[in-house]
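Undergrad: This is work-v7.txt, which holds compact mmCIF, C-alpha atoms:
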```txt
# COMPACT_ATOMS: atom_id res chain seq x y z
CA MET A 1160 -104.07 123.64 170.67
CA LEU A 1161 -102.60 123.88 174.15
CA LEU A 1162 -99.96 121.52 175.41
CA ASP A 1163 -101.20 118.90 177.88
CA SER A 1164 -104.77 119.18 176.63
CA SER A 1165 -107.19 116.37 175.94
CA SER A 1166 -110.49 116.14 174.10
CA THR A 1167 -113.48 113.97 174.93
CA VAL A 1168 -117.14 113.67 173.99
CA VAL A 1169 -119.84 113.47 176.66
CA GLU A 1170 -123.41 112.32 176.07
CA THR A 1171 -125.95 114.85 177.39
CA ASN A 1172 -129.63 115.70 177.10
CA LEU A 1173 -128.65 117.74 174.01
CA GLY A 1174 -126.63 114.96 172.42
CA PRO A 1175 -122.84 114.55 172.30
CA ILE A 1176 -120.89 117.55 173.62
CA GLN A 1177 -117.20 117.86 172.79
CA VAL A 1178 -115.04 119.08 175.65
CA ARG A 1179 -111.39 120.12 175.61
CA ARG A 1180 -109.66 119.89 178.99
CA SER A 1181 -106.37 121.53 179.97
CA GLY A 1182 -104.52 123.01 182.93
CA ALA A 1183 -104.73 122.16 186.62
CA GLY A 1184 -106.32 123.55 189.76
CA LYS A 1185 -109.85 124.73 190.46
CA PRO A 1186 -112.23 124.11 187.53
CA ALA A 1187 -113.37 126.75 185.06
CA LEU A 1188 -115.94 126.09 182.33
CA LEU A 1189 -115.88 128.13 179.09
CA TRP A 1190 -118.86 128.31 176.69
CA HIS A 1191 -118.54 130.28 173.44
CA SER A 1192 -120.81 132.56 171.40
CA LEU A 1193 -123.45 131.43 168.94
CA PHE A 1194 -122.08 130.95 165.36
CA VAL A 1195 -118.50 130.15 166.47
CA ASP A 1196 -116.92 127.50 168.73
CA SER A 1197 -114.49 127.07 171.59
CA SER A 1198 -111.51 127.94 169.38
CA THR A 1199 -112.38 131.62 169.89
CA PHE A 1200 -111.11 131.32 173.49
CA GLN A 1201 -107.62 130.40 172.31
CA GLY A 1202 -106.20 133.87 173.07
CA ILE A 1203 -107.17 133.77 176.74
CA VAL A 1204 -106.74 130.12 177.69
CA LYS A 1205 -102.97 130.26 177.38
CA ASP A 1206 -102.90 132.34 180.56
CA LEU A 1207 -106.06 131.12 182.29
CA PHE A 1208 -104.95 127.48 182.21
CA LYS A 1209 -102.00 128.44 184.44
CA GLU A 1210 -104.53 129.23 187.16
CA ARG A 1211 -107.37 126.77 186.54
CA GLU A 1212 -108.26 123.44 185.01
CA LEU A 1213 -110.23 124.57 181.96
CA PHE A 1214 -113.17 122.78 180.39
CA LEU A 1215 -113.90 124.26 176.95
CA LEU A 1216 -117.24 123.12 175.58
CA ASP A 1217 -118.44 123.21 171.99
CA GLY A 1218 -122.12 124.08 172.30
CA PRO A 1219 -124.76 122.05 170.42
CA GLY A 1220 -124.39 122.40 166.65
CA HIS A 1221 -120.96 123.98 166.94
CA GLY A 1222 -117.44 122.59 166.61
CA GLY A 1223 -117.48 118.90 167.45
CA SER A 1224 -120.98 118.84 168.98
CA PRO A 1225 -123.69 117.97 166.40
CA GLY A 1226 -126.66 119.21 168.41
CA PRO A 1227 -130.30 118.04 168.43
CA ARG A 1228 -132.84 118.62 165.65
CA LYS A 1229 -135.38 120.40 167.85
CA LEU A 1230 -135.93 123.54 169.88
CA TYR A 1231 -134.32 123.60 173.32
CA SER A 1232 -133.95 126.09 176.12
CA LEU A 1233 -131.11 127.79 177.96
CA GLY A 1234 -132.14 125.59 180.87
CA ASP A 1235 -131.48 122.54 178.69
CA CYS A 1236 -128.02 123.95 177.89
CA ALA A 1237 -127.30 124.55 181.59
CA LYS A 1238 -128.38 120.98 182.35
CA ALA A 1239 -126.07 119.69 179.60
CA ALA A 1240 -123.17 121.57 181.19
CA ALA A 1241 -123.97 120.00 184.56
CA GLU A 1242 -124.07 116.58 182.88
CA VAL A 1243 -120.63 117.22 181.38
CA LEU A 1244 -119.25 118.08 184.82
CA ASP A 1245 -120.83 114.96 186.31
CA ALA A 1246 -119.39 112.74 183.57
CA LEU A 1247 -115.92 114.19 184.12
CA ASP A 1248 -116.16 113.87 187.93
CA VAL A 1249 -115.98 117.62 188.54
CA SER A 1250 -117.59 118.17 191.93
CA ALA A 1251 -116.02 121.52 192.88
CA PRO A 1252 -117.90 124.69 191.90
CA VAL A 1253 -116.72 126.13 188.58
CA ASP A 1254 -115.69 129.60 187.47
CA TRP A 1255 -117.98 130.06 184.46
CA VAL A 1256 -116.71 132.15 181.52
CA GLY A 1257 -119.33 132.66 178.82
CA ASN A 1258 -119.20 134.64 175.60
CA ALA A 1259 -122.60 135.92 174.35
CA TRP A 1260 -124.61 132.64 174.16
CA GLY A 1261 -122.22 131.14 176.68
CA GLY A 1262 -123.00 134.04 179.00
CA HIS A 1263 -126.73 133.40 178.65
CA VAL A 1264 -126.22 129.74 179.53
CA GLY A 1265 -123.96 130.76 182.41
CA ILE A 1266 -126.61 133.04 183.91
CA VAL A 1267 -129.12 130.20 183.87
CA PHE A 1268 -126.53 127.71 185.16
CA ALA A 1269 -125.62 130.00 188.08
CA ASP A 1270 -129.31 130.42 188.89
CA SER A 1271 -130.21 126.74 188.51
CA PHE A 1272 -127.08 125.26 190.13
CA PRO A 1273 -125.75 127.95 192.52
CA SER A 1274 -123.72 125.44 194.54
CA ARG A 1275 -121.90 124.37 191.36
CA CYS A 1276 -120.92 127.88 190.26
CA ARG A 1277 -118.23 129.81 192.15
CA THR A 1278 -118.23 132.88 189.88
CA LEU A 1279 -119.82 133.98 186.61
CA THR A 1280 -118.09 136.02 183.90
CA THR A 1281 -120.02 137.07 180.81
CA ILE A 1282 -118.51 138.70 177.73
CA GLY A 1283 -120.69 140.47 175.14
CA THR A 1284 -123.92 139.00 176.55
CA PRO A 1285 -127.14 141.00 176.00
CA PRO A 1286 -129.40 140.24 178.99
CA TYR A 1287 -132.57 141.12 177.07
CA PRO A 1288 -134.31 139.26 174.20
CA LEU A 1289 -134.41 140.36 170.57
CA SER A 1290 -136.98 143.03 169.77
CA LYS A 1291 -139.92 142.04 167.58
CA ALA A 1292 -138.33 143.73 164.56
CA GLU A 1293 -134.95 142.10 165.22
CA ARG A 1294 -136.60 138.72 165.58
CA HIS A 1295 -138.41 139.07 162.25
CA ARG A 1296 -135.20 140.06 160.44
CA SER A 1297 -133.21 137.30 162.10
CA ALA A 1298 -135.87 134.67 161.38
CA LEU A 1299 -135.48 135.28 157.64
CA LEU A 1300 -131.69 134.98 157.86
CA VAL A 1301 -131.96 131.79 159.90
CA TYR A 1302 -134.28 130.27 157.31
CA LEU A 1303 -131.87 131.22 154.51
CA PHE A 1304 -129.00 129.70 156.49
CA ARG A 1305 -130.93 126.42 156.62
CA VAL A 1306 -131.31 126.48 152.83
CA LEU A 1307 -127.95 127.91 151.75
CA GLY A 1308 -125.54 127.07 154.55
CA PRO A 1309 -122.92 129.37 156.10
CA GLY A 1310 -121.13 130.52 152.93
CA PRO A 1311 -123.28 133.53 151.95
CA PHE A 1312 -123.47 134.78 155.54
CA SER A 1313 -119.83 134.70 156.63
CA SER A 1314 -119.17 138.42 156.10
CA MET A 1315 -122.40 139.34 157.90
CA VAL A 1316 -121.47 137.20 160.90
CA VAL A 1317 -117.96 138.68 160.99
CA ASP A 1318 -119.40 142.22 161.03
CA ALA A 1319 -121.81 141.28 163.82
CA LEU A 1320 -119.29 139.48 166.03
CA ALA A 1321 -116.13 141.51 165.39
CA GLY A 1322 -117.47 144.88 164.24
CA LYS A 1323 -118.37 146.37 160.89
CA GLY A 1324 -115.38 146.55 158.55
CA SER A 1325 -113.33 144.22 160.75
CA ALA A 1326 -112.38 142.08 157.74
CA LYS A 1327 -110.04 144.96 156.82
CA THR A 1328 -109.16 146.39 160.23
CA GLU A 1329 -108.84 143.08 162.12
CA PRO A 1330 -108.18 140.43 159.44
CA ALA A 1331 -106.93 137.78 161.86
CA ALA A 1332 -110.04 138.08 164.03
CA ALA A 1333 -112.28 138.04 160.94
CA ALA A 1334 -110.57 134.92 159.62
CA ALA A 1335 -110.92 133.13 162.97
CA ILE A 1336 -114.64 133.88 163.11
CA THR A 1337 -115.17 132.85 159.48
CA GLU A 1338 -113.40 129.52 159.96
CA SER A 1339 -115.25 128.80 163.18
CA PHE A 1340 -118.63 129.76 161.68
CA ARG A 1341 -118.13 127.40 158.74
CA ARG A 1342 -117.28 124.48 161.02
CA GLY A 1343 -119.85 122.43 162.82
CA ASP A 1344 -123.07 120.70 161.85
CA LYS A 1345 -125.29 122.89 159.63
CA MET A 1346 -128.62 121.61 160.89
CA GLY A 1347 -127.40 121.53 164.47
CA LYS A 1348 -126.34 125.15 164.13
CA TYR A 1349 -129.69 126.03 162.56
CA TRP A 1350 -131.54 124.66 165.59
CA ALA A 1351 -129.10 126.45 167.90
CA MET A 1352 -129.96 129.74 166.15
CA GLN A 1353 -133.66 129.00 166.53
CA SER A 1354 -133.27 128.10 170.19
CA ALA A 1355 -130.61 130.47 171.51
CA MET A 1356 -131.31 133.54 169.39
CA LEU A 1357 -134.89 133.65 168.13
CA HIS A 1358 -136.32 132.19 171.36
CA ARG A 1359 -133.92 133.82 173.82
CA PRO A 1360 -135.79 134.92 176.96
CA ASP A 1361 -135.40 138.07 179.02
CA LEU A 1362 -132.71 137.23 181.57
CA ARG A 1363 -132.88 140.47 183.55
CA PRO A 1364 -135.22 138.96 186.18
CA VAL A 1365 -132.76 136.08 186.62
CA LEU A 1366 -129.87 138.45 187.26
CA LEU A 1367 -131.75 139.92 190.23
CA ARG A 1368 -131.65 136.63 192.10
CA LEU A 1369 -128.14 135.37 191.30
CA GLN A 1370 -126.28 134.18 194.38
CA VAL A 1371 -122.78 134.13 192.86
CA PRO A 1372 -120.33 136.98 192.13
CA ALA A 1373 -120.66 138.15 188.53
CA LEU A 1374 -118.37 140.08 186.19
CA VAL A 1375 -120.02 141.52 183.08
CA LEU A 1376 -117.64 142.57 180.28
CA ALA A 1377 -118.96 144.46 177.26
CA SER A 1378 -117.30 145.78 174.09
CA ARG A 1379 -117.05 149.55 173.91
CA ASN A 1380 -118.18 149.58 170.28
CA ASP A 1381 -120.62 146.67 170.06
CA ALA A 1382 -123.40 147.89 167.75
CA LEU A 1383 -125.59 144.91 168.70
CA LEU A 1384 -125.46 145.60 172.44
CA ASP A 1385 -127.32 148.31 174.35
CA ILE A 1386 -124.43 149.12 176.67
CA ALA A 1387 -126.48 151.29 179.03
CA GLU A 1388 -129.08 148.55 179.50
CA ALA A 1389 -126.38 145.90 179.89
CA GLU A 1390 -124.75 147.96 182.64
CA ARG A 1391 -128.07 148.58 184.39
CA ALA A 1392 -128.79 144.86 184.35
CA ALA A 1393 -125.30 143.99 185.60
CA ARG A 1394 -125.69 146.39 188.52
CA THR A 1395 -128.82 144.54 189.64
CA VAL A 1396 -126.82 141.40 190.40
CA PRO A 1397 -126.36 141.40 194.19
CA ASP A 1398 -122.59 140.89 193.79
CA GLY A 1399 -122.16 142.19 190.25
CA ARG A 1400 -119.70 144.47 188.49
CA PHE A 1401 -119.54 145.89 184.95
CA THR A 1402 -116.52 146.78 182.80
CA LEU A 1403 -116.09 148.05 179.24
CA VAL A 1404 -113.34 146.46 177.15
CA ALA A 1405 -111.94 146.87 173.66
CA GLY A 1406 -113.77 145.45 170.66
CA GLY A 1407 -116.53 146.10 168.15
CA GLY A 1408 -118.75 143.03 168.56
CA HIS A 1409 -119.80 140.22 170.90
CA VAL A 1410 -116.74 138.05 170.18
CA ALA A 1411 -114.24 140.78 169.32
CA PRO A 1412 -112.76 141.23 172.83
CA LEU A 1413 -111.53 137.64 172.89
CA LEU A 1414 -109.76 138.09 169.56
CA VAL A 1415 -108.50 141.68 169.60
CA ALA A 1416 -107.89 142.21 173.34
CA PRO A 1417 -107.20 138.80 174.94
CA THR A 1418 -104.63 140.23 177.36
CA GLU A 1419 -107.14 142.78 178.63
CA ILE A 1420 -109.84 140.14 179.03
CA THR A 1421 -107.48 137.79 180.84
CA ARG A 1422 -106.38 140.56 183.21
CA HIS A 1423 -109.98 141.34 184.20
CA ILE A 1424 -110.89 137.69 184.69
CA LEU A 1425 -107.83 136.87 186.79
CA ALA A 1426 -108.36 139.97 188.95
CA PHE A 1427 -112.00 138.97 189.46
CA TRP A 1428 -111.05 135.43 190.42
CA LEU A 1429 -108.47 136.76 192.88
CA GLU A 1430 -110.93 139.25 194.36
CA THR A 1431 -113.55 136.58 194.95
CA ALA A 1432 -111.05 134.03 196.27
CA SER A 1433 -111.10 135.75 199.67
CA GLY A 1434 -114.68 134.63 200.08
CA ASP A 1435 -113.69 130.99 199.57
CA ALA A 1436 -111.68 130.92 202.75
CA THR A 1437 -114.48 132.38 204.87
CA ALA A 1438 -117.33 130.39 203.28
```
Turn this file's structure into structure tokens for me.
TA:
Amino acid sequence: MLLDSSSTVVETNLGPIQVRRSGAGKPALLWHSLFVDSSTFQGIVKDLFKERELFLLDGPGHGGSPGPRKLYSLGDCAKAAAEVLDALDVSAPVDWVGNAWGGHVGIVFADSFPSRCRTLTTIGTPPYPLSKAERHRSALLVYLFRVLGPGPFSSMVVDALAGKGSAKTEPAAAAAITESFRRGDKMGKYWAMQSAMLHRPDLRPVLLRLQVPALVLASRNDALLDIAEAERAARTVPDGRFTLVAGGGHVAPLLVAPTEITRHILAFWLETASGDATA
């Protein structure tokens, strides 16, 4: 937990959303990956909060946000984020930092509320939906999660988010993911999996029309990400850039290379700051 941070709960269209607030300056909103919660940003916020006022959200069904018992869309998530900003009197455009699911929500937020988004950074965010085969496999696992809970699936989630074998090679990262995965509301997380994973749309057409600068970061060794396709999609953003970073899964960069991630984000914010003065 950072010094000078506070936590609050905001009522949204997706139910109560827990928000941790810290730092000072221009606002930045951080939304985590599916399966984990905002604690996975801990390695980067210690430097980012020196430059921004950070708003770390626990997405529906994760951390301190119970989540609804129904299907919902990425558009619903983007609307919930806007409702959080309204409730906290944040009128300035935010620098959005999203990891995997948080990147998906950020893309939709930047498209739906362009005047409220200064920049968009995504980390480990596939812009395409699951294939039919992947969806069938995942649907079975999601059903079993509903019946059995997170316990039997912890090692599988660690391999997916931090890289295969990471429990041995990166034990601290594996432990952080395991603890985060086991927290939260089970049924809320089940519906988040249904909504954000099994029903994830193709976001590549959305990237084409984004009006905000975008930085796309991808793990060099992420087995669940088609890096070539992710780069192609990132290059279609009118003001987009793509960078490979260390890590073996969607969440791994935040846990194994936080200094590298922070450096890229701060450089991106500085680069795009010149446009603020001329806007």
Undergrad: What would the list of residues within 10 Å of (-121.4, 133.9, 187.2) (file frame) look like as a PDB file with C-alpha atoms, in the coordinates of the input, if all atoms listed in the file are what count?
TA:
```pdb
ATOM      1  CA  VAL A1253    -116.720 126.130 188.580  1.00  0.00           C
ATOM      2  CA  ASP A1254    -115.690 129.600 187.470  1.00  0.00           C
ATOM      3  CA  TRP A1255    -117.980 130.060 184.460  1.00  0.00           C
ATOM      4  CA  VAL A1256    -116.710 132.150 181.520  1.00  0.00           C
ATOM      5  CA  GLY A1257    -119.330 132.660 178.820  1.00  0.00           C
ATOM      6  CA  GLY A1262    -123.000 134.040 179.000  1.00  0.00           C
ATOM      7  CA  VAL A1264    -126.220 129.740 179.530  1.00  0.00           C
ATOM      8  CA  GLY A1265    -123.960 130.760 182.410  1.00  0.00           C
ATOM      9  CA  ILE A1266    -126.610 133.040 183.910  1.00  0.00           C
ATOM     10  CA  VAL A1267    -129.120 130.200 183.870  1.00  0.00           C
ATOM     11  CA  PHE A1268    -126.530 127.710 185.160  1.00  0.00           C
ATOM     12  CA  ALA A1269    -125.620 130.000 188.080  1.00  0.00           C
ATOM     13  CA  ASP A1270    -129.310 130.420 188.890  1.00  0.00           C
ATOM     14  CA  PRO A1273    -125.750 127.950 192.520  1.00  0.00           C
ATOM     15  CA  CYS A1276    -120.920 127.880 190.260  1.00  0.00           C
ATOM     16  CA  ARG A1277    -118.230 129.810 192.150  1.00  0.00           C
ATOM     17  CA  THR A1278    -118.230 132.880 189.880  1.00  0.00           C
ATOM     18  CA  LEU A1279    -119.820 133.980 186.610  1.00  0.00           C
ATOM     19  CA  THR A1280    -118.090 136.020 183.900  1.00  0.00           C
ATOM     20  CA  THR A1281    -120.020 137.070 180.810  1.00  0.00           C
ATOM     21  CA  LEU A1366    -129.870 138.450 187.260  1.00  0.00           C
ATOM     22  CA  LEU A1369    -128.140 135.370 191.300  1.00  0.00           C
ATOM     23  CA  GLN A1370    -126.280 134.180 194.380  1.00  0.00           C
ATOM     24  CA  VAL A1371    -122.780 134.130 192.860  1.00  0.00           C
ATOM     25  CA  PRO A1372    -120.330 136.980 192.130  1.00  0.00           C
ATOM     26  CA  ALA A1373    -120.660 138.150 188.530  1.00  0.00           C
ATOM     27  CA  LEU A1374    -118.370 140.080 186.190  1.00  0.00           C
ATOM     28  CA  VAL A1375    -120.020 141.520 183.080  1.00  0.00           C
ATOM     29  CA  VAL A1396    -126.820 141.400 190.400  1.00  0.00           C
ATOM     30  CA  ASP A1398    -122.590 140.890 193.790  1.00  0.00           C
ATOM     31  CA  GLY A1399    -122.160 142.190 190.250  1.00  0.00           C
TER      32      GLY A1399
END
```
Undergrad: Which of these, A:Pro1412, A:Trp1190, A:Val1243, A:Gly1308, has the shortest distance to Gly1343 in chain A once you count only C-alpha atoms?
TA: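 Once distances to Gly1343 in chain A are computed over only C-alpha atoms, the minimum belongs to A:Gly1308.
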Undergrad: Would you list the contacts of range 1231-1239 of chain A as a PyMOL selection string, taking every protein, DNA or RNA residue within 10 Å and counting all atoms listed in the file, but skipping same-chain residues closer than 4 positions in sequence?
TA: chain A and resi 1169-1176+1218-1219+1227+1243-1245+1260-1261+1263-1272+1350-1351+1353-1355+1358-1360
Undergrad: Skipping near chain neighbours, those fewer than 2 positions away, what residues fall within 7 Å of Gly1408 in chain A using all atoms listed in the file, listed as an MDAnalysis selection string?
TA: chainID A and resid 1319:1322 1378 1380:1382 1406 1410:1411
Undergrad: Between A:Phe1208, A:Phe1340, A:Pro1285, A:Gly1226, single out the one closest to Pro1311 in chain A, counting only C-alpha atoms.
TA: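 Distance minimum relative to Pro1311 in chain A lands on A:Phe1340.
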Undergrad: Which residues are close to Pro1309 in chain A, i.e. within 12 Å by only C-alpha atoms, leaving aside same-chain residues fewer than 6 positions away? Reply as a list in words.
TA: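 Contacts, in chain order: Phe1194, Val1195, Leu1300, Val1301, Tyr1302, Leu1303, Met1315, Val1316, Val1317, Ile1336, Thr1337, Glu1338, Ser1339, Phe1340, Arg1341, Arg1342, Gly1343, Asp1344, Lys1345, Met1346, Lys1348 and Tyr1349 of chain A.
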Undergrad: Taking into account all atoms listed in the file, which residue in the set A:Ala1259, A:Leu1230, A:Ala1240, A:Leu1357 is nearest to Leu1188 in chain A?
TA: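 Checking each candidate against Leu1188 in chain A, we get A:Ala1240 as the closest.
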Undergrad: Compare A:Pro1286, A:Gly1407, A:Gly1310, A:Pro1417 by their minimum atom-to-atom distance to Ala1393 in chain A, counting all atoms listed in the file, and give me the closest one.
TA: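 Comparing A:Pro1286, A:Gly1407, A:Gly1310, A:Pro1417 against Ala1393 in chain A, the winner is A:Pro1286.
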Undergrad: Starting from 8 Å padding per side, set up an axis-aligned box that covers all listed atoms of range 1286-1292 of chain A and hand over centre and edge lengths in Å, one decimal, as AutoDock Vina command-line options.
TA:
```
--center_x -134.7 --center_y 141.5 --center_z 171.8 --size_x 26.5 --size_y 20.5 --size_z 30.4
```
